[in-house]
Each structure stands twice: as structure tokens, then as C-alpha cells.
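Just start_1.csv here, CSV, C-alpha atoms:
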chain,number,residue,atom,x,y,z
K,1,MET,CA,-50.3,91.9,121.4
K,2,LYS,CA,-46.7,93.0,122.0
K,3,ILE,CA,-44.5,89.9,121.7
K,4,LEU,CA,-40.9,89.5,122.7
K,5,ASN,CA,-39.0,86.8,120.8
K,6,LEU,CA,-35.7,86.2,122.6
K,7,TYR,CA,-32.8,84.3,121.1
K,8,SER,CA,-34.8,84.5,117.9
K,9,GLY,CA,-32.3,82.8,115.6
K,10,LEU,CA,-33.9,82.3,112.2
K,11,GLY,CA,-37.4,82.6,113.6
K,12,GLY,CA,-38.8,79.0,113.1
K,13,ASN,CA,-41.2,79.5,116.1
K,14,ARG,CA,-42.4,82.8,114.6
K,15,LYS,CA,-42.9,81.6,111.0
K,16,LEU,CA,-46.6,81.1,111.1
K,17,TRP,CA,-47.5,84.0,113.5
K,18,GLY,CA,-48.6,86.4,110.7
K,19,ASN,CA,-48.3,90.2,111.1
K,20,GLU,CA,-51.2,91.1,113.4
K,21,HIS,CA,-49.0,91.3,116.5
K,22,LEU,CA,-46.1,93.7,117.3
K,23,VAL,CA,-43.1,91.4,117.5
K,24,THR,CA,-39.7,92.4,118.8
K,25,ALA,CA,-36.9,89.9,118.1
K,26,VAL,CA,-33.6,89.9,120.0
K,27,GLU,CA,-30.6,88.0,118.5
K,28,PHE,CA,-27.0,88.4,119.5
K,29,ASP,CA,-25.4,87.4,116.1
K,30,PRO,CA,-25.8,90.2,113.5
K,31,GLN,CA,-25.7,87.9,110.5
K,32,ILE,CA,-28.5,85.7,111.9
K,33,ALA,CA,-30.4,88.9,112.9
K,34,ALA,CA,-30.2,90.1,109.3
K,35,ILE,CA,-31.6,86.9,108.0
K,36,TYR,CA,-34.5,87.1,110.5
K,37,GLN,CA,-35.2,90.7,109.4
K,38,ASP,CA,-35.3,89.5,105.8
K,39,GLN,CA,-37.8,86.8,106.8
K,40,TYR,CA,-40.0,89.1,108.9
K,41,PRO,CA,-39.6,92.7,107.7
K,42,ASN,CA,-42.4,94.0,110.0
K,43,ASP,CA,-40.7,92.9,113.2
K,44,GLU,CA,-38.4,95.1,115.2
K,45,VAL,CA,-35.0,93.3,115.3
K,46,ILE,CA,-32.5,94.1,118.0
K,47,VAL,CA,-28.9,92.9,118.0
K,48,ARG,CA,-28.2,92.4,121.6
K,49,ASP,CA,-27.7,90.0,124.5
K,50,ALA,CA,-31.2,88.5,124.9
K,51,HIS,CA,-30.6,87.5,128.6
K,52,GLU,CA,-29.8,91.1,129.5
K,53,PHE,CA,-32.6,92.5,127.4
K,54,LEU,CA,-35.2,90.3,129.2
K,55,LEU,CA,-34.0,91.6,132.6
K,56,GLN,CA,-34.4,95.2,131.5
K,57,ASN,CA,-37.6,94.9,129.4
K,58,TYR,CA,-39.7,92.0,130.7
K,59,LYS,CA,-42.6,94.4,131.9
K,60,ASP,CA,-43.1,95.8,128.4
K,61,TYR,CA,-44.6,92.8,126.6
K,62,ASP,CA,-47.8,90.8,126.7
K,63,PHE,CA,-46.1,87.6,125.7
K,64,ILE,CA,-42.5,86.5,126.0
K,65,TRP,CA,-41.0,83.6,124.1
K,66,SER,CA,-37.5,82.7,125.2
K,67,SER,CA,-35.3,80.0,123.6
K,68,PRO,CA,-31.9,80.1,125.5
K,69,PRO,CA,-29.0,78.4,123.9
K,70,CYS,CA,-29.4,74.6,124.0
K,71,PRO,CA,-26.1,73.0,123.0
K,72,THR,CA,-24.8,72.5,126.5
K,73,HIS,CA,-28.1,70.8,127.5
K,74,SER,CA,-28.8,68.7,124.4
K,75,SER,CA,-29.0,65.0,124.5
K,76,PHE,CA,-26.8,65.1,121.4
K,77,ARG,CA,-23.9,65.7,123.8
K,78,PHE,CA,-24.4,62.1,125.1
K,79,ASN,CA,-25.4,58.9,123.4
K,80,ILE,CA,-26.9,56.5,125.9
K,81,GLY,CA,-25.0,58.1,128.8
K,82,VAL,CA,-21.6,58.3,127.0
K,83,ARG,CA,-20.1,61.5,125.8
K,84,PHE,CA,-20.7,61.7,122.1
K,85,ARG,CA,-18.3,62.2,119.2
K,86,GLY,CA,-15.5,63.6,121.2
K,87,VAL,CA,-17.6,66.6,122.3
K,88,ALA,CA,-15.8,68.4,125.1
K,89,ALA,CA,-17.3,68.4,128.5
K,90,GLU,CA,-18.6,71.7,129.7
K,91,TYR,CA,-21.0,73.2,132.2
K,92,PRO,CA,-24.6,73.5,131.2
K,93,ASP,CA,-25.6,77.1,130.4
K,94,MET,CA,-27.7,78.0,133.4
K,95,ARG,CA,-29.4,81.0,131.7
K,96,LEU,CA,-32.2,78.5,130.9
K,97,TYR,CA,-33.1,78.0,134.6
K,98,GLN,CA,-32.4,81.6,135.5
K,99,GLU,CA,-35.0,82.7,133.0
K,100,ILE,CA,-37.6,80.1,134.0
K,101,ILE,CA,-37.3,81.2,137.7
K,102,PHE,CA,-37.1,84.9,136.9
K,103,LEU,CA,-40.2,84.8,134.6
K,104,LYS,CA,-42.2,82.6,137.0
K,105,HIS,CA,-41.8,85.2,139.7
K,106,HIS,CA,-41.6,88.5,137.9
K,107,ALA,CA,-43.4,88.3,134.5
K,108,VAL,CA,-46.5,90.5,134.2
K,109,GLY,CA,-47.8,88.8,131.0
K,110,LYS,CA,-47.7,85.3,129.5
K,111,TRP,CA,-44.4,83.7,128.9
K,112,ILE,CA,-42.8,80.5,127.6
K,113,VAL,CA,-39.2,79.2,127.8
K,114,GLU,CA,-38.2,76.5,125.2
K,115,ASN,CA,-35.3,74.1,125.1
K,116,VAL,CA,-34.4,70.7,123.9
K,117,LYS,CA,-34.8,67.6,126.0
K,118,PRO,CA,-31.6,67.5,128.0
K,119,TYR,CA,-29.2,64.7,128.6
K,120,TYR,CA,-29.8,64.9,132.3
K,121,ASP,CA,-33.0,65.0,134.4
K,122,PRO,CA,-34.3,68.6,134.2
K,123,LEU,CA,-33.7,70.7,137.3
K,124,ILE,CA,-37.2,72.1,136.9
K,125,GLU,CA,-39.8,69.8,135.3
K,126,PRO,CA,-41.2,71.2,132.1
K,127,ASP,CA,-44.9,72.1,131.9
K,128,VAL,CA,-45.4,70.5,128.5
K,129,ILE,CA,-43.4,68.4,126.1
K,130,LEU,CA,-44.0,68.9,122.3
K,131,GLN,CA,-41.9,67.0,119.8
K,132,ARG,CA,-38.3,67.1,121.0
K,133,HIS,CA,-38.7,70.3,123.0
K,134,TYR,CA,-39.4,71.0,126.7
K,135,PHE,CA,-41.6,74.1,127.5
K,136,TRP,CA,-41.9,75.9,130.8
K,137,CYS,CA,-44.8,78.5,130.8
K,138,ASN,CA,-47.5,80.2,132.8
K,139,PHE,CA,-50.5,79.2,130.7
K,140,GLU,CA,-52.1,76.0,129.6
K,141,ILE,CA,-50.9,74.3,126.4
K,142,SER,CA,-52.9,71.4,125.0
K,143,GLN,CA,-51.2,68.3,123.8
K,144,THR,CA,-51.3,68.0,120.1
K,145,GLU,CA,-49.7,65.6,117.6
K,146,PHE,CA,-47.3,67.2,115.1
K,147,LYS,CA,-45.5,65.7,112.1
K,148,SER,CA,-42.5,63.8,113.3
K,149,ASP,CA,-39.3,65.5,112.3
K,150,ASN,CA,-36.0,63.6,112.4
K,151,VAL,CA,-33.8,66.7,112.4
K,152,ARG,CA,-30.7,64.7,113.7
K,153,SER,CA,-30.3,63.1,110.3
K,154,ALA,CA,-32.0,65.7,108.1
K,155,GLN,CA,-29.8,67.6,105.7
K,156,ILE,CA,-30.1,71.3,104.7
K,157,PRO,CA,-32.7,71.0,101.9
K,158,ASP,CA,-35.0,68.9,104.1
K,159,LEU,CA,-34.6,71.3,107.0
K,160,GLN,CA,-35.3,74.3,104.8
K,161,ALA,CA,-38.5,72.7,103.5
K,162,LEU,CA,-39.5,71.6,107.0
K,163,HIS,CA,-39.2,75.2,108.4
K,164,GLY,CA,-40.0,77.2,105.3
K,165,ILE,CA,-36.7,79.1,105.6
K,166,ASP,CA,-34.4,79.2,102.5
K,167,LEU,CA,-30.8,80.0,103.3
K,168,THR,CA,-29.5,79.3,99.7
K,169,ASN,CA,-28.5,83.0,99.1
K,170,TYR,CA,-26.9,83.5,102.5
K,171,LYS,CA,-23.2,83.0,103.1
K,172,ILE,CA,-23.2,81.9,106.7
K,173,PRO,CA,-21.5,79.1,108.6
K,174,GLU,CA,-23.3,76.1,110.1
K,175,LYS,CA,-26.5,76.5,108.1
K,176,ARG,CA,-27.6,73.0,109.1
K,177,LYS,CA,-27.1,73.7,112.8
K,178,LEU,CA,-29.1,76.9,112.6
K,179,LEU,CA,-31.9,75.1,110.9
K,180,ARG,CA,-31.8,72.2,113.3
K,181,ASN,CA,-32.2,74.8,116.2
K,182,CYS,CA,-35.5,76.1,114.8
K,183,VAL,CA,-38.7,75.2,116.5
K,184,TYR,CA,-41.1,73.5,114.0
K,185,PRO,CA,-43.4,76.4,112.8
K,186,PRO,CA,-46.7,74.6,113.6
K,187,VAL,CA,-45.5,74.1,117.2
K,188,GLY,CA,-44.8,77.9,117.4
K,189,LEU,CA,-48.3,78.7,116.0
K,190,HIS,CA,-50.0,76.2,118.4
K,191,ILE,CA,-48.3,77.8,121.4
K,192,LEU,CA,-49.2,81.4,120.2
K,193,ASN,CA,-52.8,80.3,119.7
K,194,GLU,CA,-52.9,78.9,123.2
K,195,ALA,CA,-51.3,82.1,124.7
K,196,THR,CA,-54.0,84.2,123.0
K,197,LYS,CA,-57.0,82.3,124.3
Encoded form using C-alpha cells:
Amino acid sequence: MKILNLYSGLGGNRKLWGNEHLVTAVEFDPQIAAIYQDQYPNDEVIVRDAHEFLLQNYKDYDFIWSSPPCPTHSSFRFNIGVRFRGVAAEYPDMRLYQEIIFLKHHAVGKWIVENVKPYYDPLIEPDVILQRHYFWCNFEISQTEFKSDNVRSAQIPDLQALHGIDLTNYKIPEKRKLLRNCVYPPVGLHILNEATK
């Protein structure tokens, strides 16, 4: 299967996929893309804007996984309806909904869009909720219980162990944030298995 992994980050969702599929990862940040490439040397890694890449290449893949940026949607921005820790107010990044609508009407293969549970009622109801993530997709995903991960309070060593990604030898800022943004690898594997049924 040809898989497109958009906004790939460190590749938490991809961790347990193995090497039987042809995976193309798109990541905007060259430092993060280099770490991804170290983790998954068989994948093609492209340093580019994932949103634009999707628009130009959506017909070329059997399965598309998209994880648009989540900070402007995250419930972390609010604590019980109150702005949290002095975080500045900003507009939600609407690439999330643009991609859901676009894929729903134009995708030729299977697709999934992932994001965190937002602080607001979602504009488009998710098809499935697994752990702390909402998923919109065009195939059935069975509900499954996963180990509970309290990533809000977890520190770097715990997050590295949880995701199986060791950043010890990398000099990059915001390691904890990068690890917190990862999809729990067993969730990524469950979704891939459901997509290949």
C-alpha cells in the first residue's frame, strides 16, 4: 500500500507499521524531518508544507493519514472554559476542517484526519474517538481500549518510553511538546489494520 503520512512529526502514529508499505512522510520542520528519517530510514521524507502537498498529491496514495497542527484547537488552551496559563487568544487553525471536507469529497483511497479533542464543540463531528484524539475518516474503526496515557503531566523520559522514540542524542527545542504531540503507537497500528481490512 502507498501511504501518505502528513504532518508526520516524530512518527508516533507510524511507529508500529513495519516496512511492508511504501510510506511517504511530509514534515515542514527540517530538524523534525531528520529525526523522523533516522527513525524510519525506509520511508521517503519530504520537507514541505503538508497542506499544499495534500492538495497536489491526494490521488497518488492508497491511504492518507493527516494530523494537522493541534495547538489552536487543544483543550489545553482552556481550563474549564477559562483561558489557561496566559495563553494568548488566537483563531483556530482551519486547515483541520479544510482537509476533512476536501478528503471527504475528493479522496480516491482511504483517509483519516487526526486531532486532539478541542476546547469547543467540533464543527464536524468525529467518526471515532480513541484516547484523547478525534478521528474523521472514510472507513470503519472499531472501538478498542488502549493503555491510558496521561501525557499532560508526563515528562520526557516517560513520553519517550510510551512512544518508543528516544530524543536523547538530538539537540532540538521543545522535546516534551514534540513527544506529547505523538499519537500513541498502538492507536496508529490499530487504525492502519482497520484501513487494510
Exercise. K:Val128: which residues within 9 Å, counting only C-alpha atoms, same-chain residues fewer than 2 positions away excluded, as a ChimeraX atom specification?
Worked result: /K:125-126,130,133-137,140-143
May I have the selected residues written with C-alpha atoms, as a CSV table (one decimal), in the coordinates of the input?
chain,number,residue,atom,x,y,z
K,125,GLU,CA,-39.8,69.8,135.3
K,126,PRO,CA,-41.2,71.2,132.1
K,130,LEU,CA,-44.0,68.9,122.3
K,133,HIS,CA,-38.7,70.3,123.0
K,134,TYR,CA,-39.4,71.0,126.7
K,135,PHE,CA,-41.6,74.1,127.5
K,136,TRP,CA,-41.9,75.9,130.8
K,137,CYS,CA,-44.8,78.5,130.8
K,140,GLU,CA,-52.1,76.0,129.6
K,141,ILE,CA,-50.9,74.3,126.4
K,142,SER,CA,-52.9,71.4,125.0
K,143,GLN,CA,-51.2,68.3,123.8
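Comparing the minimum interatomic distances between K:Phe53 and each of K:Leu96, K:Val116, K:Ala25, K:Ala161, counting only C-alpha atoms, we find that K:Ala25 sits nearest.
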Exercise. Using all atoms listed in the file, which of the listed residues (K:Arg48, K:Pro185, K:Met1, K:Glu194) sits closest to K:Lys15?
Worked result: K:Pro185
Problem set entry | Close residues, K:Ala50 itself excluded, 12 Å, only C-alpha atoms, min 5 positions apart in chain, as number ranges by chain | K: 4-9, 24-29, 45, 55-58, 64-69, 95-96, 99
Exercise. Can you tell me, as a ChimeraX atom specification, what residues are no more than 12 Å from K:Tyr170 when counting all atoms listed in the file, ignoring any on the same chain fewer than 3 positions away?
Worked result: /K:31-32,34-36,38,165-167,173-175
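Note that the spacing between atom CA of K:Tyr61 and atom CA of K:Met94 amounts to 23.5 Å.
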Exercise. What is the distance between atom CA of K:Lys197 and atom CA of K:Gly18, in Å to one decimal?
Worked result: 16.5 Å
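Atom pair atom CA of K:Gly164 / atom CA of K:Lys110 has a distance of 26.7 Å (rounded to one decimal).
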